[in-house]
Amino acid sequence: MIVEKNSGENITVKVKNAVIGGENKVVISGPCSVEDYDTMMEIGENLKNIGVDILRGGAFKPRTSPYDFQGLKFDGVKILSEVGREFNMPVVTEIMDARDIEPCLKYIDMIQIGSRNMYNYTLLKELGNYDVPILLKRGMSATISEWLNAAEYIMSSGNSNVILCERGIRTFETYTRNTLDLNSVAAIKDKYRLPIIVDPSHGTGRRELVSTMALAGIVAGGDGLLIESHINPDKAISDAKQTVNIDTVKGIIEKVKKLQDII
């Protein structure tokens, strides 16, 4: 497998001025959904001020119900891009359709492949044709092997700029939205050469657990974090229950910096 350590050196992925898999832990944050220009601009300014490295925001939203908010689509991508330029932050958003890759690459710096699309092998192979960072989330019921093979689809097609994202898996537990599998983080760092970040927002689905599990993810070996944040979490259009405020993200960043010195 291309992803195994014996097939080459550890991979680092550069997203503009952010390096994932290097010495420093990278924090990606922003709202689940891009809601409107003014809200996104205020969120971006606050996150920039506390040291967030990459700005995230959903424009194309794969929702379980077809009647839920599906995102602003290209308007959302353009808003995210404008905010990123304003505050000199690279931006990442999810793409679900291969036809949207080229139009979106004019505006974004990294493509997220969400849990539902980890098995979309046609899309993964198409992404191998582009020299762009790919944030590959683990399928909600995927084994580590299946997840790594999804990365292989991208890399064997020519694009080695892949970052794995552990976002929790479905188990019989119902207290949390998912079960954040930190075993996978330790395993990836031990045997494979891809960088891996941790998403404690989806991994728990409960904002009161996000900070603790974010730090646990770093201790387990994570190269960074993906955290859903908002200036007014209770009023976030999507995933309000797992969205934290800016001060919480600030506290996480401060603790992560301290952890870097001892792990």
# chains A, B, ... in the order shown; residues from 1 in each chain; ligands from 1
>>> select_by_dssp(residues="region 117-169 of chain A", states="alpha helix (DSSP H)", output="list of chain:residue names")
A:Tyr121, A:Thr122, A:Leu123, A:Leu124, A:Lys125, A:Glu126, A:Leu127, A:Ile144, A:Ser145, A:Glu146, A:Trp147, A:Leu148, A:Asn149, A:Ala150, A:Ala151, A:Glu152, A:Tyr153, A:Ile154, A:Met155, A:Ser156
>>> write_last_selection(atoms="N, CA and C atoms", output="mmCIF file, in the first residue's frame")
data_model
loop_
_atom_site.group_PDB
_atom_site.id
_atom_site.type_symbol
_atom_site.label_atom_id
_atom_site.label_comp_id
_atom_site.auth_asym_id
_atom_site.auth_seq_id
_atom_site.Cartn_x
_atom_site.Cartn_y
_atom_site.Cartn_z
ATOM 1 N N TYR A 121 -15.996 6.042 -4.832
ATOM 2 C CA TYR A 121 -14.703 5.793 -5.462
ATOM 3 C C TYR A 121 -14.527 6.543 -6.776
ATOM 4 N N THR A 122 -15.609 6.790 -7.480
ATOM 5 C CA THR A 122 -15.507 7.588 -8.705
ATOM 6 C C THR A 122 -15.021 8.989 -8.390
ATOM 7 N N LEU A 123 -15.569 9.589 -7.337
ATOM 8 C CA LEU A 123 -15.134 10.918 -6.915
ATOM 9 C C LEU A 123 -13.694 10.890 -6.420
ATOM 10 N N LEU A 124 -13.335 9.861 -5.648
ATOM 11 C CA LEU A 124 -11.976 9.776 -5.118
ATOM 12 C C LEU A 124 -10.944 9.657 -6.240
ATOM 13 N N LYS A 125 -11.241 8.831 -7.228
ATOM 14 C CA LYS A 125 -10.313 8.688 -8.357
ATOM 15 C C LYS A 125 -10.172 9.996 -9.122
ATOM 16 N N GLU A 126 -11.257 10.714 -9.269
ATOM 17 C CA GLU A 126 -11.209 12.005 -9.969
ATOM 18 C C GLU A 126 -10.331 12.995 -9.207
ATOM 19 N N LEU A 127 -10.394 12.983 -7.891
ATOM 20 C CA LEU A 127 -9.574 13.887 -7.085
ATOM 21 C C LEU A 127 -8.086 13.584 -7.232
ATOM 22 N N ILE A 144 -10.679 0.821 9.651
ATOM 23 C CA ILE A 144 -9.450 1.544 9.309
ATOM 24 C C ILE A 144 -8.966 1.118 7.927
ATOM 25 N N SER A 145 -9.056 -0.173 7.622
ATOM 26 C CA SER A 145 -8.617 -0.675 6.321
ATOM 27 C C SER A 145 -9.410 -0.056 5.176
ATOM 28 N N GLU A 146 -10.715 0.036 5.329
ATOM 29 C CA GLU A 146 -11.546 0.637 4.283
ATOM 30 C C GLU A 146 -11.202 2.106 4.096
ATOM 31 N N TRP A 147 -10.951 2.783 5.180
ATOM 32 C CA TRP A 147 -10.584 4.200 5.154
ATOM 33 C C TRP A 147 -9.253 4.403 4.434
ATOM 34 N N LEU A 148 -8.278 3.578 4.751
ATOM 35 C CA LEU A 148 -6.977 3.683 4.101
ATOM 36 C C LEU A 148 -7.068 3.359 2.611
ATOM 37 N N ASN A 149 -7.928 2.410 2.255
ATOM 38 C CA ASN A 149 -8.097 2.103 0.838
ATOM 39 C C ASN A 149 -8.759 3.244 0.087
ATOM 40 N N ALA A 150 -9.617 4.004 0.775
ATOM 41 C CA ALA A 150 -10.185 5.201 0.158
ATOM 42 C C ALA A 150 -9.078 6.209 -0.156
ATOM 43 N N ALA A 151 -8.125 6.341 0.777
ATOM 44 C CA ALA A 151 -6.973 7.211 0.531
ATOM 45 C C ALA A 151 -6.143 6.692 -0.636
ATOM 46 N N GLU A 152 -6.023 5.367 -0.734
ATOM 47 C CA GLU A 152 -5.282 4.763 -1.838
ATOM 48 C C GLU A 152 -5.897 5.115 -3.194
ATOM 49 N N TYR A 153 -7.209 5.187 -3.265
ATOM 50 C CA TYR A 153 -7.861 5.559 -4.517
ATOM 51 C C TYR A 153 -7.384 6.924 -4.998
ATOM 52 N N ILE A 154 -7.257 7.864 -4.073
ATOM 53 C CA ILE A 154 -6.794 9.210 -4.441
ATOM 54 C C ILE A 154 -5.312 9.182 -4.802
ATOM 55 N N MET A 155 -4.513 8.557 -3.957
ATOM 56 C CA MET A 155 -3.068 8.590 -4.122
ATOM 57 C C MET A 155 -2.605 7.787 -5.333
ATOM 58 N N SER A 156 -3.231 6.632 -5.577
ATOM 59 C CA SER A 156 -2.828 5.814 -6.726
ATOM 60 C C SER A 156 -3.203 6.469 -8.046
#
>>> closest_atom_pairs(of="region 113-205 of chain A", to="region 56-76 of chain A", cutoff="10 Å", atoms="only C-alpha atoms", output="tab-separated table")
residue	atom	partner	partner_atom	distance
A:Gly114	CA	A:Pro62	CA	8.5
A:Ser115	CA	A:Pro62	CA	9.6
A:Arg116	CA	A:Pro62	CA	7.9
A:Asn117	CA	A:Pro62	CA	9.3
>>> residues_around(residues="Lys235 (chain A)", least_positions_apart="4", cutoff="12 Å", atoms="only C-alpha atoms", output="NGL selection string")
:A and (31-33 or 35 or 39 or 229-231 or 239-245)
>>> write_last_selection(atoms="N, CA, C and O atoms", output="PDB file, in the first residue's frame")
ATOM      1  N   PRO A  31     -17.919  27.371  11.096  1.00  0.00           N
ATOM      2  CA  PRO A  31     -19.267  26.822  11.262  1.00  0.00           C
ATOM      3  C   PRO A  31     -19.522  25.602  10.389  1.00  0.00           C
ATOM      4  O   PRO A  31     -18.863  25.413   9.368  1.00  0.00           O
ATOM      5  N   CYS A  32     -20.477  24.793  10.803  1.00  0.00           N
ATOM      6  CA  CYS A  32     -20.885  23.651   9.987  1.00  0.00           C
ATOM      7  C   CYS A  32     -21.346  24.129   8.620  1.00  0.00           C
ATOM      8  O   CYS A  32     -20.990  23.552   7.599  1.00  0.00           O
ATOM      9  N   SER A  33     -22.137  25.215   8.604  1.00  0.00           N
ATOM     10  CA  SER A  33     -22.663  25.756   7.348  1.00  0.00           C
ATOM     11  C   SER A  33     -22.323  27.231   7.210  1.00  0.00           C
ATOM     12  O   SER A  33     -22.386  27.986   8.191  1.00  0.00           O
ATOM     13  N   GLU A  35     -23.605  30.526   6.513  1.00  0.00           N
ATOM     14  CA  GLU A  35     -24.990  30.976   6.632  1.00  0.00           C
ATOM     15  C   GLU A  35     -25.258  32.258   5.834  1.00  0.00           C
ATOM     16  O   GLU A  35     -26.259  32.373   5.133  1.00  0.00           O
ATOM     17  N   THR A  39     -22.222  37.040   8.958  1.00  0.00           N
ATOM     18  CA  THR A  39     -21.914  36.088  10.028  1.00  0.00           C
ATOM     19  C   THR A  39     -20.573  35.413   9.776  1.00  0.00           C
ATOM     20  O   THR A  39     -19.749  35.265  10.686  1.00  0.00           O
ATOM     21  N   SER A 229     -17.296  25.749  15.066  1.00  0.00           N
ATOM     22  CA  SER A 229     -17.414  26.903  15.955  1.00  0.00           C
ATOM     23  C   SER A 229     -18.319  27.957  15.335  1.00  0.00           C
ATOM     24  O   SER A 229     -18.556  27.979  14.121  1.00  0.00           O
ATOM     25  N   HIS A 230     -18.802  28.857  16.180  1.00  0.00           N
ATOM     26  CA  HIS A 230     -19.756  29.885  15.741  1.00  0.00           C
ATOM     27  C   HIS A 230     -19.734  31.009  16.772  1.00  0.00           C
ATOM     28  O   HIS A 230     -19.414  30.787  17.944  1.00  0.00           O
ATOM     29  N   ILE A 231     -20.085  32.211  16.356  1.00  0.00           N
ATOM     30  CA  ILE A 231     -20.159  33.337  17.289  1.00  0.00           C
ATOM     31  C   ILE A 231     -21.385  33.210  18.198  1.00  0.00           C
ATOM     32  O   ILE A 231     -21.429  33.777  19.285  1.00  0.00           O
ATOM     33  N   ASP A 239     -25.999  21.644  13.119  1.00  0.00           N
ATOM     34  CA  ASP A 239     -25.192  21.015  14.176  1.00  0.00           C
ATOM     35  C   ASP A 239     -24.941  21.922  15.382  1.00  0.00           C
ATOM     36  O   ASP A 239     -23.836  21.949  15.936  1.00  0.00           O
ATOM     37  N   ALA A 240     -25.972  22.627  15.812  1.00  0.00           N
ATOM     38  CA  ALA A 240     -25.808  23.560  16.924  1.00  0.00           C
ATOM     39  C   ALA A 240     -25.338  22.870  18.210  1.00  0.00           C
ATOM     40  O   ALA A 240     -24.526  23.420  18.958  1.00  0.00           O
ATOM     41  N   LYS A 241     -25.832  21.658  18.473  1.00  0.00           N
ATOM     42  CA  LYS A 241     -25.526  20.978  19.731  1.00  0.00           C
ATOM     43  C   LYS A 241     -24.046  20.635  19.882  1.00  0.00           C
ATOM     44  O   LYS A 241     -23.566  20.464  20.999  1.00  0.00           O
ATOM     45  N   GLN A 242     -23.329  20.513  18.771  1.00  0.00           N
ATOM     46  CA  GLN A 242     -21.909  20.160  18.849  1.00  0.00           C
ATOM     47  C   GLN A 242     -20.995  21.338  18.524  1.00  0.00           C
ATOM     48  O   GLN A 242     -19.770  21.201  18.520  1.00  0.00           O
ATOM     49  N   THR A 243     -21.577  22.493  18.280  1.00  0.00           N
ATOM     50  CA  THR A 243     -20.812  23.681  17.912  1.00  0.00           C
ATOM     51  C   THR A 243     -20.419  24.469  19.147  1.00  0.00           C
ATOM     52  O   THR A 243     -21.244  24.719  20.026  1.00  0.00           O
ATOM     53  N   VAL A 244     -19.154  24.866  19.228  1.00  0.00           N
ATOM     54  CA  VAL A 244     -18.646  25.602  20.387  1.00  0.00           C
ATOM     55  C   VAL A 244     -18.454  27.069  20.039  1.00  0.00           C
ATOM     56  O   VAL A 244     -18.448  27.460  18.864  1.00  0.00           O
ATOM     57  N   ASN A 245     -18.277  27.885  21.076  1.00  0.00           N
ATOM     58  CA  ASN A 245     -18.043  29.310  20.841  1.00  0.00           C
ATOM     59  C   ASN A 245     -16.554  29.588  20.629  1.00  0.00           C
ATOM     60  O   ASN A 245     -15.711  28.706  20.767  1.00  0.00           O
TER      61      ASN A 245
END
>>> closest_residue(among="A:Gly84, A:Gly205, A:Pro133, A:Pro195", to="Leu225 (chain A)", atoms="only C-alpha atoms")
A:Pro195
>>> closest_residue(among="A:Arg99, A:Arg138, A:Arg207, A:Lys14", to="Asn161 (chain A)", atoms="only C-alpha atoms")
A:Lys14
>>> select_by_dssp(residues="region 48-235 of chain A", states="strand (DSSP E)", output="PDB file with C-alpha atoms, in the first residue's frame")
ATOM      1  CA  ILE A  54      -7.500  27.163   8.422  1.00  0.00           C
ATOM      2  CA  LEU A  55     -11.091  28.363   8.046  1.00  0.00           C
ATOM      3  CA  ARG A  56     -13.826  25.833   7.361  1.00  0.00           C
ATOM      4  CA  VAL A  91     -10.190  27.710   3.425  1.00  0.00           C
ATOM      5  CA  VAL A  92     -11.679  24.217   3.194  1.00  0.00           C
ATOM      6  CA  THR A  93     -15.155  23.038   2.283  1.00  0.00           C
ATOM      7  CA  GLU A  94     -16.797  19.763   1.341  1.00  0.00           C
ATOM      8  CA  MET A 110      -8.461  22.253   0.388  1.00  0.00           C
ATOM      9  CA  ILE A 111     -11.294  19.860  -0.482  1.00  0.00           C
ATOM     10  CA  GLN A 112     -13.090  17.930   2.228  1.00  0.00           C
ATOM     11  CA  ILE A 113     -14.567  14.526   1.463  1.00  0.00           C
ATOM     12  CA  ILE A 134      -7.765  16.460   0.289  1.00  0.00           C
ATOM     13  CA  LEU A 135      -9.217  16.138   3.795  1.00  0.00           C
ATOM     14  CA  LEU A 136     -10.613  12.604   3.846  1.00  0.00           C
ATOM     15  CA  LYS A 137     -13.064  11.924   6.638  1.00  0.00           C
ATOM     16  CA  VAL A 162      -4.174  13.444   1.554  1.00  0.00           C
ATOM     17  CA  ILE A 163      -4.988  14.175   5.201  1.00  0.00           C
ATOM     18  CA  LEU A 164      -7.069  11.674   7.145  1.00  0.00           C
ATOM     19  CA  CYS A 165      -9.727  12.900   9.564  1.00  0.00           C
ATOM     20  CA  GLU A 166     -11.038  10.718  12.390  1.00  0.00           C
ATOM     21  CA  ILE A 196      -4.236  12.612  10.562  1.00  0.00           C
ATOM     22  CA  ILE A 197      -6.409  15.158  12.330  1.00  0.00           C
ATOM     23  CA  VAL A 198      -9.262  14.650  14.795  1.00  0.00           C
ATOM     24  CA  GLY A 224      -4.362  18.756  14.278  1.00  0.00           C
ATOM     25  CA  LEU A 225      -8.033  19.347  14.971  1.00  0.00           C
ATOM     26  CA  LEU A 226     -11.226  20.119  13.077  1.00  0.00           C
ATOM     27  CA  ILE A 227     -13.663  21.977  15.335  1.00  0.00           C
ATOM     28  CA  GLU A 228     -17.096  23.390  14.537  1.00  0.00           C
TER      29      GLU A 228
END
>>> closest_residue(among="A:Asn6, A:Thr143, A:Asn46, A:Ser184", to="Tyr119 (chain A)", atoms="only C-alpha atoms")
A:Thr143
>>> atom_distance(atom1="CA of Thr212 (chain A)", atom2="CA of Asn49 (chain A)")
22.3 Å
>>> residues_around(residues="Ile79 (chain A)", least_positions_apart="6", cutoff="8 Å", atoms="only C-alpha atoms", output="ChimeraX atom specification")
/A:34,36-37,40
>>> residues_around(residues="Ala216 (chain A)", least_positions_apart="2", cutoff="12 Å", atoms="only C-alpha atoms", output="PyMOL selection string")
chain A and resi 180-183+185-186+197-200+203+209-214+218-225+252+255-256+259+263
>>> residues_around(residues="Arg170 (chain A)", least_positions_apart="5", cutoff="8 Å", atoms="only C-alpha atoms", output="PyMOL selection string")
chain A and resi 140-141+177-179
>>> write_last_selection(atoms="C-alpha atoms", output="PDB file, in the first residue's frame")
ATOM      1  CA  MET A 140     -19.242   6.574   9.829  1.00  0.00           C
ATOM      2  CA  SER A 141     -19.151   2.752   9.746  1.00  0.00           C
ATOM      3  CA  ARG A 177     -23.559  11.118  18.343  1.00  0.00           C
ATOM      4  CA  ASN A 178     -20.645   8.854  17.397  1.00  0.00           C
ATOM      5  CA  THR A 179     -17.785   7.107  19.182  1.00  0.00           C
TER       6      THR A 179
END
>>> closest_residue(among="A:Gly21, A:Pro103, A:Gly168, A:Gly251", to="Lys78 (chain A)", atoms="only C-alpha atoms")
A:Pro103
>>> atom_distance(atom1="CA of Thr12 (chain A)", atom2="CA of Ser160 (chain A)")
9.5 Å
>>> closest_residue(among="A:Val15, A:Met89, A:Leu105, A:Ala98", to="Gly30 (chain A)", atoms="only C-alpha atoms")
A:Met89
>>> decode(residues="region 113-124 of chain A", atoms="all heavy atoms", output="mmCIF file, in the first residue's frame")
data_model
loop_
_atom_site.group_PDB
_atom_site.id
_atom_site.type_symbol
_atom_site.label_atom_id
_atom_site.label_comp_id
_atom_site.auth_asym_id
_atom_site.auth_seq_id
_atom_site.Cartn_x
_atom_site.Cartn_y
_atom_site.Cartn_z
ATOM 1 N N ILE A 113 -13.685 15.631 1.841
ATOM 2 C CA ILE A 113 -14.567 14.526 1.463
ATOM 3 C C ILE A 113 -15.202 14.020 2.751
ATOM 4 O O ILE A 113 -14.510 13.537 3.638
ATOM 5 C CB ILE A 113 -13.793 13.403 0.744
ATOM 6 C CG1 ILE A 113 -13.201 13.932 -0.555
ATOM 7 C CG2 ILE A 113 -14.707 12.216 0.463
ATOM 8 C CD1 ILE A 113 -14.222 14.466 -1.544
ATOM 9 N N GLY A 114 -16.509 14.159 2.836
ATOM 10 C CA GLY A 114 -17.205 13.835 4.067
ATOM 11 C C GLY A 114 -17.405 12.347 4.264
ATOM 12 O O GLY A 114 -17.130 11.523 3.380
ATOM 13 N N SER A 115 -17.911 12.016 5.442
ATOM 14 C CA SER A 115 -18.092 10.620 5.825
ATOM 15 C C SER A 115 -18.921 9.840 4.811
ATOM 16 O O SER A 115 -18.603 8.703 4.469
ATOM 17 C CB SER A 115 -18.756 10.577 7.206
ATOM 18 O OG SER A 115 -18.957 9.264 7.629
ATOM 19 N N ARG A 116 -19.987 10.442 4.312
ATOM 20 C CA ARG A 116 -20.873 9.741 3.382
ATOM 21 C C ARG A 116 -20.211 9.449 2.045
ATOM 22 O O ARG A 116 -20.588 8.517 1.343
ATOM 23 C CB ARG A 116 -22.142 10.568 3.156
ATOM 24 C CG ARG A 116 -23.049 10.667 4.379
ATOM 25 C CD ARG A 116 -24.170 11.676 4.125
ATOM 26 N NE ARG A 116 -25.108 11.755 5.239
ATOM 27 C CZ ARG A 116 -24.923 12.508 6.320
ATOM 28 N NH1 ARG A 116 -23.818 13.226 6.429
ATOM 29 N NH2 ARG A 116 -25.836 12.544 7.280
ATOM 30 N N ASN A 117 -19.228 10.266 1.673
ATOM 31 C CA ASN A 117 -18.595 10.122 0.365
ATOM 32 C C ASN A 117 -17.261 9.394 0.405
ATOM 33 O O ASN A 117 -16.583 9.295 -0.617
ATOM 34 C CB ASN A 117 -18.424 11.490 -0.297
ATOM 35 C CG ASN A 117 -19.635 11.885 -1.108
ATOM 36 O OD1 ASN A 117 -20.102 11.125 -1.955
ATOM 37 N ND2 ASN A 117 -20.156 13.069 -0.845
ATOM 38 N N MET A 118 -16.872 8.881 1.571
ATOM 39 C CA MET A 118 -15.622 8.132 1.633
ATOM 40 C C MET A 118 -15.651 6.931 0.703
ATOM 41 O O MET A 118 -14.618 6.499 0.191
ATOM 42 C CB MET A 118 -15.359 7.673 3.075
ATOM 43 C CG MET A 118 -13.961 7.122 3.312
ATOM 44 S SD MET A 118 -13.865 5.862 4.601
ATOM 45 C CE MET A 118 -14.433 4.395 3.719
ATOM 46 N N TYR A 119 -16.842 6.391 0.466
ATOM 47 C CA TYR A 119 -16.993 5.228 -0.411
ATOM 48 C C TYR A 119 -17.289 5.613 -1.865
ATOM 49 O O TYR A 119 -17.539 4.726 -2.686
ATOM 50 C CB TYR A 119 -18.125 4.333 0.091
ATOM 51 C CG TYR A 119 -17.841 3.626 1.391
ATOM 52 C CD1 TYR A 119 -18.474 4.022 2.566
ATOM 53 C CD2 TYR A 119 -16.954 2.550 1.444
ATOM 54 C CE1 TYR A 119 -18.239 3.354 3.762
ATOM 55 C CE2 TYR A 119 -16.711 1.890 2.635
ATOM 56 C CZ TYR A 119 -17.348 2.291 3.784
ATOM 57 O OH TYR A 119 -17.116 1.643 4.974
ATOM 58 N N ASN A 120 -17.288 6.890 -2.174
ATOM 59 C CA ASN A 120 -17.578 7.346 -3.536
ATOM 60 C C ASN A 120 -16.292 7.252 -4.362
ATOM 61 O O ASN A 120 -15.581 8.229 -4.567
ATOM 62 C CB ASN A 120 -18.111 8.786 -3.510
ATOM 63 C CG ASN A 120 -18.613 9.257 -4.860
ATOM 64 O OD1 ASN A 120 -18.288 8.680 -5.900
ATOM 65 N ND2 ASN A 120 -19.397 10.313 -4.856
ATOM 66 N N TYR A 121 -15.996 6.042 -4.832
ATOM 67 C CA TYR A 121 -14.703 5.793 -5.462
ATOM 68 C C TYR A 121 -14.527 6.543 -6.776
ATOM 69 O O TYR A 121 -13.407 6.906 -7.141
ATOM 70 C CB TYR A 121 -14.510 4.291 -5.664
ATOM 71 C CG TYR A 121 -14.553 3.517 -4.365
ATOM 72 C CD1 TYR A 121 -15.391 2.425 -4.210
ATOM 73 C CD2 TYR A 121 -13.763 3.902 -3.280
ATOM 74 C CE1 TYR A 121 -15.442 1.716 -3.013
ATOM 75 C CE2 TYR A 121 -13.804 3.209 -2.080
ATOM 76 C CZ TYR A 121 -14.650 2.119 -1.952
ATOM 77 O OH TYR A 121 -14.703 1.432 -0.766
ATOM 78 N N THR A 122 -15.609 6.790 -7.480
ATOM 79 C CA THR A 122 -15.507 7.588 -8.705
ATOM 80 C C THR A 122 -15.021 8.989 -8.390
ATOM 81 O O THR A 122 -14.135 9.532 -9.070
ATOM 82 C CB THR A 122 -16.872 7.655 -9.416
ATOM 83 O OG1 THR A 122 -17.310 6.330 -9.727
ATOM 84 C CG2 THR A 122 -16.773 8.457 -10.705
ATOM 85 N N LEU A 123 -15.569 9.589 -7.337
ATOM 86 C CA LEU A 123 -15.134 10.918 -6.915
ATOM 87 C C LEU A 123 -13.694 10.890 -6.420
ATOM 88 O O LEU A 123 -12.896 11.771 -6.752
ATOM 89 C CB LEU A 123 -16.069 11.436 -5.814
ATOM 90 C CG LEU A 123 -15.709 12.785 -5.179
ATOM 91 C CD1 LEU A 123 -15.676 13.893 -6.219
ATOM 92 C CD2 LEU A 123 -16.704 13.124 -4.067
ATOM 93 N N LEU A 124 -13.335 9.861 -5.648
ATOM 94 C CA LEU A 124 -11.976 9.776 -5.118
ATOM 95 C C LEU A 124 -10.944 9.657 -6.240
ATOM 96 O O LEU A 124 -9.893 10.306 -6.201
ATOM 97 C CB LEU A 124 -11.862 8.579 -4.173
ATOM 98 C CG LEU A 124 -12.765 8.582 -2.926
ATOM 99 C CD1 LEU A 124 -12.487 7.348 -2.080
ATOM 100 C CD2 LEU A 124 -12.579 9.849 -2.111
#
